[in-house]
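Only one structure is covered here, and it is reproduced in the block below.
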Amino acid sequence: MSPLSRRSFLGLSIASLPAWAAEKPALRYLQPADAGYEDARRPFNSCILLKPALIACCRTEADVVAAVRHAKDAGLPVAVKSGGHAFHGFSLNEGGLVVELSGMNNRLLEQGSYRFSAGPGLKLRDCYSWLLARGRLLPAGSCGGVGLAGLTLGGGYGLFSREFGLTCDHLTQVRMVNGNGEIRDSRDEPELLWACRGGGNGNFGIATSFTFETQAAPPNLATRKFTAKGLDASGLARLLERWFEIAATLPDPCFSAVILNGSQATVLLTSTESADGPAFAAATKSFSQAGLSSKGSLTKPLASSIGRYEGRPGPLPFDNVSAGFYRSFADLQSAAAGICATVRETPGLIFQVNTLGGAITRAAASAYPHRGFPFLGELQAYWEKGKIPAKLAAGHASVRQALAAAGIRRHYRNYPDPRLENWQDAYFSGTYARLQALKAKLDPGDRIRHPQSVRLPAV
Ligand SMILES: Cc1cc2nc3c(=O)[nH]c(=O)nc-3n(C[C@H](O)[C@H](O)[C@H](O)COP(=O)(O)OP(=O)(O)OC[C@H]3O[C@@H](n4cnc5c(N)ncnc54)[C@H](O)[C@@H]3O)c2cc1C
């Protein structure tokens with residue numbers, strides 16, 4: 001059936017749908033000329049110009065089944081879009097079918113167990129506010145527009161992951177429509193749960209619902225921002241090294257990030273414990289002694305604190321990638337001076353390192369293979385509009401080369417880099433072959449794919 005005849009067929013058949021399905025508008029297929037296509041296509045990264053032939057705007061799991069079966073009949077590849085925050089367009093494709101899930105944003109908190117079920121279209125902003133209003137927390141990232149689906153399927157870290165673990169560590173059940181258009185449930189297929197804890201982004205199926213353990217929400221978040229301005233490259237490098245030393249001593253309720261931007265270094269420190277407590281005070285003293293100044297700490301109720309880290313509204317042009325996982329500053333030692341010099345001389349280039357570790361290291365093994373690495377770097381490039389300026393592109397390339405030359409091999413799947421050669425090993429390390437076996441089982445026709453989706457095993 002052609003997309004258009006299917007669309008009219010679905011439009012005509014609404015009256016005969018069961019009551020539960022008729023409550024929501026039926027599956028809509030959008031083609032490039034249709035009203036609503038641009039909204040449904042729009043990614044957070046405005047440089048992504050990919051144009052799918054069809055966007056299936058799904059409201060129910062049955063819609064997703066129908067969309068995948070339609071793609072199979074029509075011989076179209078399928079990409080999956082939930083929150084649309086993929087750095088490099090892996091939730092879109094050119095000329096294929098995109099399953100668009102923003103309309104599946106239902107949520108439910110089970111009384112007593114505090115298990116939380118959510119649809120793949122739920123955004124972090126709504127996830128936090130809905131759960132916090134009920135006294136619960138699902139530890140996740142901080143940017144409000146990021147989709148819970150994409151975040152969870154690749155790991156999901158943020159201000160609370162040292163204390164409680166990654167978002168994917170809280171996942172207890174997942175339902176998925178596989179590449180053949182069949183529904184799979186991790187209660188029948190435990191391997192699916194293992195894979196969706198860090199290895200499930202657009203690889204072998206479309207996750208249609210997630211169930212998570214939640215945590216009792218800490219009442220407050222203490223935060224403190226430190227800055228040092230006008231640093232030369234060696235000053236930046238010294239500060240980076242010192243940040244690693246101090247951050248390694250933080251207790252689990254604390255999170256920290258160091259952000260190098262031009263000649264400025266900014267350090268963020270947060271804690272779910274009091275800013276007057278010994279750990280926060282000790283870290284504050286150490287950062288001050290390292291030459292960073294601060295206007296003081298702020299303690300606020302969690303809901304309002306999280307809103308402060310929502311990030312800029314998009315779409316924006318950017319080129320962000322993982323800058324690698326590190327065990328300590330020693331991993332970066334040989335590259336640090338060059339990276340700092342490049343960042344200092346390249347407007348728009350940002351090098352950031354975040355703390356991991358803590359509860360992440362203690363969680364059950366899963367497809368996320370980097371638990372032994374307590375630090376994660378990110379390389380960001382932002383510009384105003386149009387194509388990336390040549391100087392910024394050159395600086396970005398130079399930092400990536402410096403990281404590779406320093407032997408930084410492991411990278412975060414949720415910060416993908418389309419230029420990585422050995423991305424299979426970088427993202428999944430020892431878990432890739434197991435993911436490939438699941439791919440063969442769930443999506444033997446490689447229907448669901450993007451440039452760095454798990455490949456079928458070689459025959
Ligand atoms: C501004 C910004 C801030 C961020 N902050 C953080 C952070 O604090 N912590 C962190 O860990 N990460 C962070 N990220 C990275 C983020 O986790 C990833 O970009 C994530 O994949 C986005 O998920 P999404 O659903 O919004 O994206 P989408 O673009 O919809 O999808 C991203 C990927 O997930 C796959 N996917 C999406 N939905 C499904 C589904 N239902 N079933 C199967 N596969 C699916 C897609 O194939 C694609 O590969 C941030 C990204 C941005 C742009």
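Ligands are numbered from 1 in the order shown, chains are lettered A, B, ... in the order of the structure tokens, and residues start at 1 in each chain.
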Neighbourhood of ligand 1 at 6 Å, counting only C-alpha atoms and all ligand atoms, reported as a PDB file with N, CA, C and O atoms, in the first residue's frame:
ATOM      1  N   ALA A  79      14.681   4.808  10.792  1.00  0.00           N
ATOM      2  CA  ALA A  79      15.393   5.484  11.880  1.00  0.00           C
ATOM      3  C   ALA A  79      14.369   5.829  12.954  1.00  0.00           C
ATOM      4  O   ALA A  79      13.170   5.894  12.675  1.00  0.00           O
ATOM      5  N   VAL A  80      14.854   6.033  14.186  1.00  0.00           N
ATOM      6  CA  VAL A  80      13.963   6.212  15.333  1.00  0.00           C
ATOM      7  C   VAL A  80      14.221   7.552  15.990  1.00  0.00           C
ATOM      8  O   VAL A  80      15.359   7.837  16.390  1.00  0.00           O
ATOM      9  N   LYS A  81      13.170   8.354  16.130  1.00  0.00           N
ATOM     10  CA  LYS A  81      13.346   9.687  16.734  1.00  0.00           C
ATOM     11  C   LYS A  81      12.438   9.823  17.951  1.00  0.00           C
ATOM     12  O   LYS A  81      11.217   9.704  17.841  1.00  0.00           O
ATOM     13  N   SER A  82      13.052  10.083  19.087  1.00  0.00           N
ATOM     14  CA  SER A  82      12.263  10.292  20.312  1.00  0.00           C
ATOM     15  C   SER A  82      12.371  11.759  20.722  1.00  0.00           C
ATOM     16  O   SER A  82      11.473  12.549  20.509  1.00  0.00           O
ATOM     17  N   GLY A  83      13.519  12.157  21.317  1.00  0.00           N
ATOM     18  CA  GLY A  83      13.691  13.559  21.712  1.00  0.00           C
ATOM     19  C   GLY A  83      14.421  14.388  20.658  1.00  0.00           C
ATOM     20  O   GLY A  83      14.512  15.608  20.786  1.00  0.00           O
ATOM     21  N   GLY A  84      14.993  13.745  19.646  1.00  0.00           N
ATOM     22  CA  GLY A  84      15.642  14.460  18.539  1.00  0.00           C
ATOM     23  C   GLY A  84      16.961  15.128  18.901  1.00  0.00           C
ATOM     24  O   GLY A  84      17.449  15.974  18.155  1.00  0.00           O
ATOM     25  N   HIS A  85      17.583  14.732  20.035  1.00  0.00           N
ATOM     26  CA  HIS A  85      18.823  15.382  20.458  1.00  0.00           C
ATOM     27  C   HIS A  85      20.085  14.642  20.031  1.00  0.00           C
ATOM     28  O   HIS A  85      21.184  14.970  20.504  1.00  0.00           O
ATOM     29  N   ALA A  86      19.950  13.644  19.160  1.00  0.00           N
ATOM     30  CA  ALA A  86      21.149  12.964  18.651  1.00  0.00           C
ATOM     31  C   ALA A  86      22.098  14.022  18.098  1.00  0.00           C
ATOM     32  O   ALA A  86      21.671  14.890  17.336  1.00  0.00           O
ATOM     33  N   PHE A  87      23.365  13.953  18.461  1.00  0.00           N
ATOM     34  CA  PHE A  87      24.321  14.977  18.029  1.00  0.00           C
ATOM     35  C   PHE A  87      24.413  15.062  16.504  1.00  0.00           C
ATOM     36  O   PHE A  87      24.566  16.124  15.942  1.00  0.00           O
ATOM     37  N   PHE A  90      21.477  10.727  13.893  1.00  0.00           N
ATOM     38  CA  PHE A  90      21.229   9.286  13.813  1.00  0.00           C
ATOM     39  C   PHE A  90      19.754   8.934  14.004  1.00  0.00           C
ATOM     40  O   PHE A  90      19.372   7.777  13.844  1.00  0.00           O
ATOM     41  N   SER A  91      18.917   9.913  14.337  1.00  0.00           N
ATOM     42  CA  SER A  91      17.488   9.609  14.462  1.00  0.00           C
ATOM     43  C   SER A  91      16.720  10.050  13.212  1.00  0.00           C
ATOM     44  O   SER A  91      15.493  10.071  13.215  1.00  0.00           O
ATOM     45  N   PRO A 120       8.438   6.499  25.141  1.00  0.00           N
ATOM     46  CA  PRO A 120       9.729   6.963  24.620  1.00  0.00           C
ATOM     47  C   PRO A 120       9.761   8.451  24.267  1.00  0.00           C
ATOM     48  O   PRO A 120      10.833   9.019  24.102  1.00  0.00           O
ATOM     49  N   GLY A 141      20.124  13.072  32.684  1.00  0.00           N
ATOM     50  CA  GLY A 141      20.932  14.235  32.299  1.00  0.00           C
ATOM     51  C   GLY A 141      20.227  15.517  32.691  1.00  0.00           C
ATOM     52  O   GLY A 141      19.138  15.482  33.272  1.00  0.00           O
ATOM     53  N   SER A 142      20.834  16.639  32.350  1.00  0.00           N
ATOM     54  CA  SER A 142      20.251  17.885  32.843  1.00  0.00           C
ATOM     55  C   SER A 142      19.496  18.670  31.783  1.00  0.00           C
ATOM     56  O   SER A 142      18.648  19.484  32.117  1.00  0.00           O
ATOM     57  N   CYS A 143      19.744  18.449  30.511  1.00  0.00           N
ATOM     58  CA  CYS A 143      19.128  19.305  29.492  1.00  0.00           C
ATOM     59  C   CYS A 143      17.657  18.896  29.279  1.00  0.00           C
ATOM     60  O   CYS A 143      17.375  17.749  28.952  1.00  0.00           O
ATOM     61  N   VAL A 146      16.157  16.885  26.098  1.00  0.00           N
ATOM     62  CA  VAL A 146      16.691  15.558  25.715  1.00  0.00           C
ATOM     63  C   VAL A 146      15.617  14.491  25.966  1.00  0.00           C
ATOM     64  O   VAL A 146      14.890  14.543  26.951  1.00  0.00           O
ATOM     65  N   GLY A 147      15.525  13.540  25.048  1.00  0.00           N
ATOM     66  CA  GLY A 147      14.549  12.465  25.194  1.00  0.00           C
ATOM     67  C   GLY A 147      15.034  11.424  26.198  1.00  0.00           C
ATOM     68  O   GLY A 147      16.196  11.016  26.173  1.00  0.00           O
ATOM     69  N   LEU A 148      14.112  10.966  27.047  1.00  0.00           N
ATOM     70  CA  LEU A 148      14.445   9.914  28.017  1.00  0.00           C
ATOM     71  C   LEU A 148      14.859   8.634  27.276  1.00  0.00           C
ATOM     72  O   LEU A 148      15.736   7.902  27.740  1.00  0.00           O
ATOM     73  N   ALA A 149      14.244   8.395  26.105  1.00  0.00           N
ATOM     74  CA  ALA A 149      14.527   7.157  25.375  1.00  0.00           C
ATOM     75  C   ALA A 149      15.983   7.092  24.915  1.00  0.00           C
ATOM     76  O   ALA A 149      16.733   6.180  25.289  1.00  0.00           O
ATOM     77  N   GLY A 150      16.394   8.084  24.118  1.00  0.00           N
ATOM     78  CA  GLY A 150      17.757   8.062  23.589  1.00  0.00           C
ATOM     79  C   GLY A 150      18.781   8.096  24.718  1.00  0.00           C
ATOM     80  O   GLY A 150      19.806   7.413  24.657  1.00  0.00           O
ATOM     81  N   LEU A 151      18.499   8.889  25.740  1.00  0.00           N
ATOM     82  CA  LEU A 151      19.428   9.009  26.864  1.00  0.00           C
ATOM     83  C   LEU A 151      19.620   7.650  27.545  1.00  0.00           C
ATOM     84  O   LEU A 151      20.743   7.190  27.757  1.00  0.00           O
ATOM     85  N   GLY A 156      23.155   7.428  29.976  1.00  0.00           N
ATOM     86  CA  GLY A 156      22.429   8.471  30.704  1.00  0.00           C
ATOM     87  C   GLY A 156      23.096   8.841  32.013  1.00  0.00           C
ATOM     88  O   GLY A 156      22.867   8.199  33.033  1.00  0.00           O
ATOM     89  N   TYR A 157      23.937   9.881  31.986  1.00  0.00           N
ATOM     90  CA  TYR A 157      24.576  10.327  33.223  1.00  0.00           C
ATOM     91  C   TYR A 157      24.188  11.783  33.481  1.00  0.00           C
ATOM     92  O   TYR A 157      23.725  12.501  32.595  1.00  0.00           O
ATOM     93  N   GLY A 158      24.405  12.209  34.722  1.00  0.00           N
ATOM     94  CA  GLY A 158      24.102  13.594  35.074  1.00  0.00           C
ATOM     95  C   GLY A 158      24.500  13.887  36.505  1.00  0.00           C
ATOM     96  O   GLY A 158      25.360  13.193  37.083  1.00  0.00           O
ATOM     97  N   GLY A 200      21.278   0.267  23.184  1.00  0.00           N
ATOM     98  CA  GLY A 200      20.021   0.066  22.448  1.00  0.00           C
ATOM     99  C   GLY A 200      19.620   1.160  21.478  1.00  0.00           C
ATOM    100  O   GLY A 200      18.525   1.109  20.924  1.00  0.00           O
ATOM    101  N   ASN A 201      20.491   2.152  21.235  1.00  0.00           N
ATOM    102  CA  ASN A 201      20.086   3.298  20.395  1.00  0.00           C
ATOM    103  C   ASN A 201      19.943   2.947  18.920  1.00  0.00           C
ATOM    104  O   ASN A 201      20.936   2.886  18.196  1.00  0.00           O
ATOM    105  N   GLY A 202      18.706   2.753  18.476  1.00  0.00           N
ATOM    106  CA  GLY A 202      18.438   2.552  17.048  1.00  0.00           C
ATOM    107  C   GLY A 202      19.180   1.373  16.470  1.00  0.00           C
ATOM    108  O   GLY A 202      19.558   1.381  15.295  1.00  0.00           O
ATOM    109  N   GLY A 205      15.660  -2.332  17.285  1.00  0.00           N
ATOM    110  CA  GLY A 205      14.230  -2.196  17.494  1.00  0.00           C
ATOM    111  C   GLY A 205      13.897  -0.820  18.023  1.00  0.00           C
ATOM    112  O   GLY A 205      14.783   0.008  18.243  1.00  0.00           O
ATOM    113  N   ILE A 206      12.604  -0.624  18.198  1.00  0.00           N
ATOM    114  CA  ILE A 206      12.107   0.669  18.657  1.00  0.00           C
ATOM    115  C   ILE A 206      11.508   0.476  20.035  1.00  0.00           C
ATOM    116  O   ILE A 206      10.497  -0.232  20.187  1.00  0.00           O
ATOM    117  N   ALA A 207      12.144   1.050  21.033  1.00  0.00           N
ATOM    118  CA  ALA A 207      11.632   0.907  22.407  1.00  0.00           C
ATOM    119  C   ALA A 207      10.336   1.703  22.510  1.00  0.00           C
ATOM    120  O   ALA A 207      10.282   2.883  22.155  1.00  0.00           O
ATOM    121  N   THR A 208       9.287   1.032  22.985  1.00  0.00           N
ATOM    122  CA  THR A 208       7.974   1.681  23.053  1.00  0.00           C
ATOM    123  C   THR A 208       7.543   1.972  24.478  1.00  0.00           C
ATOM    124  O   THR A 208       6.632   2.754  24.699  1.00  0.00           O
ATOM    125  N   ASN A 414      26.372   8.028  23.605  1.00  0.00           N
ATOM    126  CA  ASN A 414      25.425   9.140  23.508  1.00  0.00           C
ATOM    127  C   ASN A 414      26.086  10.453  23.086  1.00  0.00           C
ATOM    128  O   ASN A 414      25.393  11.457  22.910  1.00  0.00           O
ATOM    129  N   TYR A 415      27.414  10.433  22.961  1.00  0.00           N
ATOM    130  CA  TYR A 415      28.127  11.577  22.377  1.00  0.00           C
ATOM    131  C   TYR A 415      28.844  11.068  21.128  1.00  0.00           C
ATOM    132  O   TYR A 415      30.081  11.073  21.053  1.00  0.00           O
TER     133      TYR A 415
END
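Neighbours of stretch 442-444 of chain A closer than or equal to 6 Å, with only C-alpha atoms counted and sequence neighbours fewer than 4 positions away skipped, come out as Asn178, Gly179 and Phe204 of chain A.
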Would you write out, as CSV, a table of all residues in stretch 67-141 of chain A that have an atom no more than 12 Å from an atom of stretch 220-227 of chain A, listing for each the closest atom pair and the distance in Å to one decimal, considering only C-alpha atoms and ordering rows by chain and rising residue number?
residue,atom,partner,partner_atom,distance
A:Leu132,CA,A:Asn220,CA,11.2
A:Gly135,CA,A:Asn220,CA,11.7
A:Leu137,CA,A:Asn220,CA,12.0
Measuring atom to atom with only C-alpha atoms, identify which of A:Ala363, A:Ala237, A:Val99, A:Leu376 is nearest to A:Ala257.
->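 Of all the options, A:Leu376 lies closest to A:Ala257.
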Find the distance between atom CA of A:Gly89 and atom CA of A:Asn45 and write it in Å to one decimal.
-> 7.6 Å
Could you give me, as a CSV table (one decimal) with all heavy atoms, in the first residue's frame, the residues within 8 Å of stretch 48-55 of chain A, counting only C-alpha atoms and dropping anything in the same chain fewer than 3 positions from it?
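part00.csv, written as the output of this step:
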chain,number,residue,atom,x,y,z
A,3,PRO,N,2.1,5.1,0.8
A,3,PRO,CA,1.9,5.8,2.0
A,3,PRO,C,0.6,6.6,2.0
A,3,PRO,O,-0.1,6.7,3.0
A,3,PRO,CB,3.1,6.8,2.1
A,3,PRO,CG,4.1,6.2,1.1
A,3,PRO,CD,3.4,5.3,0.1
A,29,TYR,N,1.1,9.5,8.6
A,29,TYR,CA,2.4,9.5,7.8
A,29,TYR,C,2.5,10.9,7.2
A,29,TYR,O,1.6,11.4,6.6
A,29,TYR,CB,2.3,8.5,6.7
A,29,TYR,CG,2.4,7.0,7.2
A,29,TYR,CD1,1.3,6.2,7.3
A,29,TYR,CD2,3.6,6.5,7.5
A,29,TYR,CE1,1.4,4.9,7.8
A,29,TYR,CE2,3.7,5.2,8.0
A,29,TYR,CZ,2.6,4.4,8.1
A,29,TYR,OH,2.8,3.1,8.5
A,30,LEU,N,3.7,11.5,7.3
A,30,LEU,CA,4.0,12.8,6.7
A,30,LEU,C,5.0,12.6,5.6
A,30,LEU,O,6.1,12.0,5.8
A,30,LEU,CB,4.5,13.7,7.8
A,30,LEU,CG,3.5,14.0,8.9
A,30,LEU,CD1,4.2,14.9,10.0
A,30,LEU,CD2,2.2,14.8,8.4
A,31,GLN,N,4.7,13.3,4.5
A,31,GLN,CA,5.7,13.4,3.4
A,31,GLN,C,6.3,14.8,3.4
A,31,GLN,O,5.6,15.7,3.9
A,31,GLN,CB,5.0,13.0,2.1
A,31,GLN,CG,4.7,11.5,2.1
A,31,GLN,CD,4.0,11.1,0.8
A,31,GLN,OE1,3.0,11.7,0.4
A,31,GLN,NE2,4.5,10.0,0.2
A,32,PRO,N,7.4,15.0,2.7
A,32,PRO,CA,8.0,16.3,2.8
A,32,PRO,C,7.1,17.5,2.5
A,32,PRO,O,7.3,18.6,3.1
A,32,PRO,CB,9.2,16.2,1.7
A,32,PRO,CG,9.5,14.8,1.8
A,32,PRO,CD,8.2,14.0,2.0
A,37,TYR,N,5.4,18.3,8.6
A,37,TYR,CA,6.6,17.5,8.3
A,37,TYR,C,7.8,18.1,8.9
A,37,TYR,O,8.6,17.4,9.6
A,37,TYR,CB,6.8,17.3,6.8
A,37,TYR,CG,8.0,16.6,6.4
A,37,TYR,CD1,8.1,15.2,6.2
A,37,TYR,CD2,9.2,17.3,6.1
A,37,TYR,CE1,9.2,14.6,5.8
A,37,TYR,CE2,10.4,16.7,5.8
A,37,TYR,CZ,10.4,15.3,5.6
A,37,TYR,OH,11.6,14.7,5.2
A,40,ALA,N,8.0,17.7,12.6
A,40,ALA,CA,8.3,16.3,13.0
A,40,ALA,C,9.7,15.9,12.7
A,40,ALA,O,10.3,15.1,13.4
A,40,ALA,CB,7.3,15.4,12.3
A,41,ARG,N,10.3,16.5,11.7
A,41,ARG,CA,11.7,16.2,11.3
A,41,ARG,C,12.7,16.9,12.1
A,41,ARG,O,13.8,16.4,12.4
A,41,ARG,CB,11.9,16.6,9.8
A,41,ARG,CG,13.2,16.2,9.2
A,41,ARG,CD,13.6,17.1,8.0
A,41,ARG,NE,14.1,18.3,8.4
A,41,ARG,CZ,15.4,18.6,8.7
A,41,ARG,NH1,16.3,17.6,8.6
A,41,ARG,NH2,15.8,19.7,9.1
A,43,PRO,N,15.5,18.3,14.0
A,43,PRO,CA,16.4,17.8,15.1
A,43,PRO,C,17.0,19.0,15.9
A,43,PRO,O,16.9,20.2,15.5
A,43,PRO,CB,17.6,17.2,14.3
A,43,PRO,CG,17.6,18.0,13.0
A,43,PRO,CD,16.2,18.6,12.8
A,45,ASN,N,20.1,19.6,16.5
A,45,ASN,CA,21.2,20.1,15.7
A,45,ASN,C,20.8,20.6,14.4
A,45,ASN,O,20.4,19.9,13.5
A,45,ASN,CB,22.3,19.0,15.6
A,45,ASN,CG,23.5,19.5,14.9
A,45,ASN,OD1,23.6,20.6,14.3
A,45,ASN,ND2,24.6,18.8,15.1
A,88,HIS,N,24.4,13.9,15.8
A,88,HIS,CA,24.8,13.9,14.4
A,88,HIS,C,23.7,13.2,13.5
A,88,HIS,O,24.0,12.6,12.5
A,88,HIS,CB,26.1,13.2,14.2
A,88,HIS,CG,27.2,14.0,14.9
A,88,HIS,ND1,27.7,15.2,14.4
A,88,HIS,CD2,27.8,13.9,16.1
A,88,HIS,CE1,28.6,15.7,15.2
A,88,HIS,NE2,28.7,15.0,16.2
A,89,GLY,N,22.4,13.4,13.9
A,89,GLY,CA,21.4,13.0,13.0
A,89,GLY,C,21.1,11.5,12.9
A,89,GLY,O,20.4,11.1,11.9
A,92,LEU,N,17.4,10.4,12.2
A,92,LEU,CA,16.8,10.7,10.9
A,92,LEU,C,17.5,9.9,9.8
A,92,LEU,O,18.5,9.2,10.1
A,92,LEU,CB,17.0,12.2,10.6
A,92,LEU,CG,16.2,13.2,11.5
A,92,LEU,CD1,16.6,14.6,11.2
A,92,LEU,CD2,14.7,13.0,11.3
A,93,ASN,N,17.0,9.9,8.6
A,93,ASN,CA,17.7,9.3,7.5
A,93,ASN,C,17.3,10.0,6.2
A,93,ASN,O,16.4,10.9,6.2
A,93,ASN,CB,17.4,7.8,7.4
A,93,ASN,CG,15.9,7.5,7.3
A,93,ASN,OD1,15.2,8.3,6.8
A,93,ASN,ND2,15.5,6.3,7.7
A,94,GLU,N,18.0,9.7,5.1
A,94,GLU,CA,17.7,10.3,3.8
A,94,GLU,C,16.9,9.4,3.0
A,94,GLU,O,17.4,8.3,2.6
A,94,GLU,CB,19.0,10.7,3.1
A,94,GLU,CG,18.9,11.5,1.9
A,94,GLU,CD,18.3,12.9,2.1
A,94,GLU,OE1,18.7,13.5,3.1
A,94,GLU,OE2,17.6,13.4,1.2
A,95,GLY,N,15.6,9.7,2.7
A,95,GLY,CA,14.8,8.9,1.8
A,95,GLY,C,14.2,7.7,2.5
A,95,GLY,O,13.6,6.9,1.8
A,96,GLY,N,14.4,7.5,3.8
A,96,GLY,CA,13.8,6.3,4.4
A,96,GLY,C,12.6,6.7,5.3
A,96,GLY,O,11.9,7.7,5.0
A,97,LEU,N,12.2,5.8,6.2
A,97,LEU,CA,11.1,6.1,7.1
A,97,LEU,C,11.6,6.4,8.5
A,97,LEU,O,12.5,5.7,9.0
A,97,LEU,CB,10.2,4.9,7.1
A,97,LEU,CG,8.9,5.0,7.9
A,97,LEU,CD1,7.7,4.3,7.2
A,97,LEU,CD2,9.0,4.5,9.4
A,98,VAL,N,11.1,7.4,9.1
A,98,VAL,CA,11.4,7.7,10.5
A,98,VAL,C,10.2,7.5,11.4
A,98,VAL,O,9.1,8.0,11.1
A,98,VAL,CB,11.9,9.2,10.6
A,98,VAL,CG1,11.9,9.6,12.1
A,98,VAL,CG2,13.3,9.4,10.0
A,99,VAL,N,10.4,6.7,12.4
A,99,VAL,CA,9.4,6.5,13.4
A,99,VAL,C,9.5,7.6,14.4
A,99,VAL,O,10.5,7.7,15.1
A,99,VAL,CB,9.5,5.1,14.1
A,99,VAL,CG1,8.6,5.0,15.2
A,99,VAL,CG2,9.3,4.0,13.0
A,100,GLU,N,8.5,8.5,14.5
A,100,GLU,CA,8.6,9.7,15.4
A,100,GLU,C,7.7,9.4,16.6
A,100,GLU,O,6.5,9.1,16.4
A,100,GLU,CB,8.2,10.9,14.5
A,100,GLU,CG,8.6,12.2,15.1
A,100,GLU,CD,7.8,12.7,16.2
A,100,GLU,OE1,6.6,12.5,16.3
A,100,GLU,OE2,8.4,13.3,17.1
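Note that the spacing between atom CA of A:Gly324 and atom CA of A:Lys387 amounts to 25.2 Å.
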Spatial neighbours of stretch 246-252 of chain A, 6 Å, only C-alpha atoms, chain gap at least 4 places, as a ChimeraX atom specification = /A:162-163,358
Write a file of the just-selected residues containing N, CA, C and O atoms, as an mmCIF file, in the first residue's frame.
data_model
loop_
_atom_site.group_PDB
_atom_site.id
_atom_site.type_symbol
_atom_site.label_atom_id
_atom_site.label_comp_id
_atom_site.auth_asym_id
_atom_site.auth_seq_id
_atom_site.Cartn_x
_atom_site.Cartn_y
_atom_site.Cartn_z
ATOM 1 N N ARG A 162 26.597 9.715 40.190
ATOM 2 C CA ARG A 162 27.596 9.188 41.138
ATOM 3 C C ARG A 162 26.908 8.644 42.401
ATOM 4 O O ARG A 162 27.356 7.681 43.000
ATOM 5 N N GLU A 163 25.809 9.271 42.763
ATOM 6 C CA GLU A 163 25.112 8.837 43.975
ATOM 7 C C GLU A 163 24.214 7.618 43.706
ATOM 8 O O GLU A 163 24.126 6.701 44.523
ATOM 9 N N GLY A 358 31.579 6.483 41.326
ATOM 10 C CA GLY A 358 30.570 6.291 42.376
ATOM 11 C C GLY A 358 29.693 5.082 42.081
ATOM 12 O O GLY A 358 30.172 3.995 41.752
#
